[in-house]
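Take a look at the structure below.
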Amino acid sequence: MTVAVWEALRERPLRFALSTWPLRCWAFLLSGTVVGFFALLLLTVLLFVGVGLSVVGVGLLVLTGVAVLGIPVAALERHRLRLVEPEPLLDPHGSLPGTGAWPWLRTRLRERATWRELGYTLALGVVFTATGIGFAALLGLSVLLTATPVIVWAIAPDTVMLVPGRPISDPVAALPGSAAGLLGLLVSAYVGGLLAGAQVWVAQSLLSARDEDLSTRVIELTRSRARLVDAFEAERRRIERDLHDGAQQQLVALSMTLGLAELELRGQDSPATPLIARARGEARQALDQLRSLVRGIHPQVLTDHGLPAAVSELALRNPIPVTVEMHLPDRLPSAVETTAYFTVTEALTNASKHSGADQVSVVGRLRDDKLVLLITDNGHGGADPAAGAGLQGLADRVAILKGRLVVTSPVGGPTQLRVEVPCSA
């Protein structure tokens with residue numbers, strides 16, 4: 001598992017304190033302290049009430065509420081994690097077999113994810129709330145010390161004592177306190193990054209979907225690489241042969257006929273002469289385009305500038321808004337870039353036509369020599385791989401490079417496609 005804030009600390013330790021990372025980490029830790037405190041308070045109340053009423057049977061229902069309390073807390077945490085972690089966590093819960101409270105409760109109590117989320121809620125309420133309170137004290141003290149000259153000026157002629165028995169009567173004398181406060185803020189930046197990273201790591205371990213969670217709603221299609229390559233190559237040769245023997249020959253004949261007509265009219269003052277010349281030029285242009293199609297469609301921006309630029313250009317042409325977050329250190333192999341580009345193209349087309357979404361996000365990262373793409377839309381969900389060839393075709397394209405496609409699309413949304421493509425042979 002990769003933690004973005006730890007990666008930022010390791011790659012740019014000196015620039016970290018001057019970036020936006022400290023503010024995001026502080027917001028994450030302080031808001032987590034509030035969420036953890038109320039979660040622990042509610043958990044404690046429900047536990048005591050449940051145990052106290054268990055003798056009359058009602059307490060069992062309350063204790064059941066304790067068991068599923070982690071579900072809403074985890075849902076909130078997966079949204080809150082976006083403050084410091086750009087890669088969203090997949091919801092580990094499967095689709096429900098029916099409607100109503102009892103089917104929902106029965107399904108959730110059988111899922112391992114429910115108990116992992118309860119464990120995370122306990123860790124959030126006890127461990128991370130305690131560390132959050134300590135961090136809030138450090139940050140608050142640093143802010144107060146930094147603002148000491150302003151405080152001294154504001155309450156004058158009264159005095160302020162940073163050290164017992166040594167009053168400070170003017171703002172200049174408070175400057176050493178400001179220096180200590182700035183040092184405290186610098187320490188808070190790095191301590192906040194380490195603590196936020198630790199909480200993200202725990203959340204990734206307990207709140208993210210695992211293979212057993214996704215088994216009922218995931219398609220993972222693997223194929224023999226050689227067989228698929230041969231099949232695609234044979235199809236390409238068939239299309240090329242049909243175009244070469246059919247449409248291409250007709251365009252060549254048309255161009256020749258127009259050329260003969262142009263020769264016949266040469267030297268004559270006929271209004272048809274420029275029209276025939278124009279038609280011959282358009283026929284030649286169509287022939288060039290057809291030959292380009294035979295070689296395969298490949299956008300020029302992908303060749304010149306790489307995958308992030310090509311996907312960004314694709315997002316601008318999409319009918320619904322698309323946010324793109326792709327940070328790739330270097331150019332990827334050509335086959336990987338082509339596969340990723342056409343996968344994103346097909347996913348955005350499907351989202352625009354079928355999902356009813358008004359927002360799509362595309363996130364791309366390089367993890368352990370694998371290109372990982374997350375394409376998420378906020379539509380109504382319910383995408384069924386068996387309903388058409390779209391998702392199947394995407395999986396087949398990815399499988400050529402020994403990659404995999406994971407589709408998560410519960411009814412009600414959101415729909416997420418996770419594409420993993422190895423970048424080495």
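Just so we're on the same page: first chain in the structure tokens is A, next is B, and so on; residues restart at 1 for each chain, and ligands are numbered from 1 in the order they show up.
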
Where does DSSP see strand (DSSP E or B) in stretch 272-422 of chain A, if you list the residues as an NGL selection string? :A and (322-326 or 360-367 or 370-377 or 404-408 or 415-422)

Just write the chosen residues, N, CA and C atoms, as a CSV table (one decimal), in the first residue's frame.
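Writing the result to result.csv gives the following:
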```csv
chain,number,residue,atom,x,y,z
A,322,VAL,N,-15.4,16.2,-16.7
A,322,VAL,CA,-14.4,15.2,-16.3
A,322,VAL,C,-13.2,15.8,-15.6
A,323,THR,N,-12.9,15.4,-14.4
A,323,THR,CA,-11.7,15.8,-13.7
A,323,THR,C,-10.6,14.8,-13.9
A,324,VAL,N,-9.4,15.2,-14.3
A,324,VAL,CA,-8.3,14.3,-14.6
A,324,VAL,C,-7.2,14.6,-13.6
A,325,GLU,N,-6.7,13.5,-12.9
A,325,GLU,CA,-5.5,13.6,-12.0
A,325,GLU,C,-4.6,12.4,-12.4
A,326,MET,N,-3.6,12.8,-13.2
A,326,MET,CA,-2.7,11.8,-13.7
A,326,MET,C,-1.3,12.3,-13.5
A,360,VAL,N,-17.5,12.9,-13.8
A,360,VAL,CA,-16.6,11.7,-14.0
A,360,VAL,C,-15.2,12.1,-13.5
A,361,SER,N,-14.5,11.2,-12.9
A,361,SER,CA,-13.1,11.5,-12.5
A,361,SER,C,-12.3,10.4,-13.1
A,362,VAL,N,-11.1,10.8,-13.5
A,362,VAL,CA,-10.1,9.8,-14.0
A,362,VAL,C,-8.8,10.1,-13.2
A,363,VAL,N,-8.4,9.1,-12.5
A,363,VAL,CA,-7.2,9.1,-11.7
A,363,VAL,C,-6.2,8.1,-12.2
A,364,GLY,N,-5.0,8.5,-12.4
A,364,GLY,CA,-3.9,7.6,-12.9
A,364,GLY,C,-2.7,7.7,-12.1
A,365,ARG,N,-2.2,6.5,-11.7
A,365,ARG,CA,-0.9,6.5,-10.9
A,365,ARG,C,-0.1,5.3,-11.3
A,366,LEU,N,1.2,5.4,-11.1
A,366,LEU,CA,2.1,4.3,-11.3
A,366,LEU,C,2.5,3.6,-10.0
A,367,ARG,N,2.0,2.4,-9.8
A,367,ARG,CA,2.2,1.7,-8.6
A,367,ARG,C,2.9,0.3,-8.9
A,370,LYS,N,3.2,-0.8,-12.3
A,370,LYS,CA,1.8,-1.0,-12.9
A,370,LYS,C,1.1,0.3,-13.1
A,371,LEU,N,0.5,0.5,-14.2
A,371,LEU,CA,-0.3,1.7,-14.4
A,371,LEU,C,-1.7,1.4,-13.8
A,372,VAL,N,-2.1,2.2,-12.9
A,372,VAL,CA,-3.4,2.0,-12.2
A,372,VAL,C,-4.3,3.1,-12.6
A,373,LEU,N,-5.5,2.8,-13.2
A,373,LEU,CA,-6.4,3.8,-13.6
A,373,LEU,C,-7.7,3.6,-12.9
A,374,LEU,N,-8.3,4.7,-12.3
A,374,LEU,CA,-9.6,4.6,-11.6
A,374,LEU,C,-10.5,5.6,-12.3
A,375,ILE,N,-11.5,5.1,-13.0
A,375,ILE,CA,-12.5,5.9,-13.7
A,375,ILE,C,-13.8,5.8,-13.0
A,376,THR,N,-14.3,6.9,-12.4
A,376,THR,CA,-15.4,6.9,-11.5
A,376,THR,C,-16.5,7.9,-12.0
A,377,ASP,N,-17.7,7.4,-12.0
A,377,ASP,CA,-18.8,8.4,-12.3
A,377,ASP,C,-19.9,8.3,-11.2
A,404,ARG,N,-5.7,-6.4,-15.9
A,404,ARG,CA,-7.0,-6.8,-15.4
A,404,ARG,C,-7.9,-5.6,-15.3
A,405,LEU,N,-9.2,-5.9,-15.3
A,405,LEU,CA,-10.2,-4.8,-15.2
A,405,LEU,C,-11.2,-5.3,-14.1
A,406,VAL,N,-11.4,-4.3,-13.2
A,406,VAL,CA,-12.3,-4.6,-12.1
A,406,VAL,C,-13.4,-3.5,-12.1
A,407,VAL,N,-14.7,-4.0,-12.2
A,407,VAL,CA,-15.8,-3.1,-12.3
A,407,VAL,C,-16.6,-3.2,-11.1
A,408,THR,N,-16.9,-2.1,-10.4
A,408,THR,CA,-17.7,-2.0,-9.2
A,408,THR,C,-18.9,-1.1,-9.5
A,415,THR,N,-20.3,4.1,-10.1
A,415,THR,CA,-19.6,3.1,-10.9
A,415,THR,C,-18.2,3.4,-11.0
A,416,GLN,N,-17.3,2.4,-10.7
A,416,GLN,CA,-15.9,2.6,-10.8
A,416,GLN,C,-15.2,1.5,-11.6
A,417,LEU,N,-14.4,1.9,-12.5
A,417,LEU,CA,-13.6,0.9,-13.3
A,417,LEU,C,-12.1,1.1,-12.8
A,418,ARG,N,-11.6,0.0,-12.4
A,418,ARG,CA,-10.2,0.0,-12.0
A,418,ARG,C,-9.4,-0.9,-13.0
A,419,VAL,N,-8.4,-0.2,-13.6
A,419,VAL,CA,-7.7,-0.9,-14.7
A,419,VAL,C,-6.2,-0.9,-14.2
A,420,GLU,N,-5.6,-2.1,-14.2
A,420,GLU,CA,-4.3,-2.3,-13.9
A,420,GLU,C,-3.5,-2.9,-15.1
A,421,VAL,N,-2.5,-2.3,-15.5
A,421,VAL,CA,-1.7,-2.7,-16.7
A,421,VAL,C,-0.3,-2.7,-16.4
A,422,PRO,N,0.4,-3.9,-16.4
A,422,PRO,CA,1.8,-3.9,-16.1
A,422,PRO,C,2.6,-3.1,-17.2
```

So that I can see what lies close to stretch 341-356 of chain A, please list as a ChimeraX atom specification the residues with an atom at most 7 Å from it, counting only C-alpha atoms and leaving out residues fewer than 3 positions away in the same chain. /A:307,311,319-320,337-338,377,379-381,394

A:Ala189: which residues within 12 Å, counting only C-alpha atoms, same-chain residues fewer than 3 positions away excluded, as a VMD selection string? chain A and resid 5 9 13 to 27 29 135 to 136 138 to 139 142 182 to 186 192 to 196

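You can rank A:Ser188, A:Gln199, A:Thr33, A:Thr146 by their closest distance to A:Gly132 using only C-alpha atoms, and at the top of that list sits A:Thr33.
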
Selected residue, from A:Cys423, A:Val126, A:Val55, A:Leu41, that lies nearest to A:Asp330 when counting only C-alpha atoms: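 Selected residue with least distance to A:Asp330: A:Cys423.
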
Residue with smallest distance to A:Phe128 - pool A:Ile151, A:Leu175, A:Val202, A:Trp104, counting only C-alpha atoms: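 Smallest separation from A:Phe128 among the options: A:Val202.
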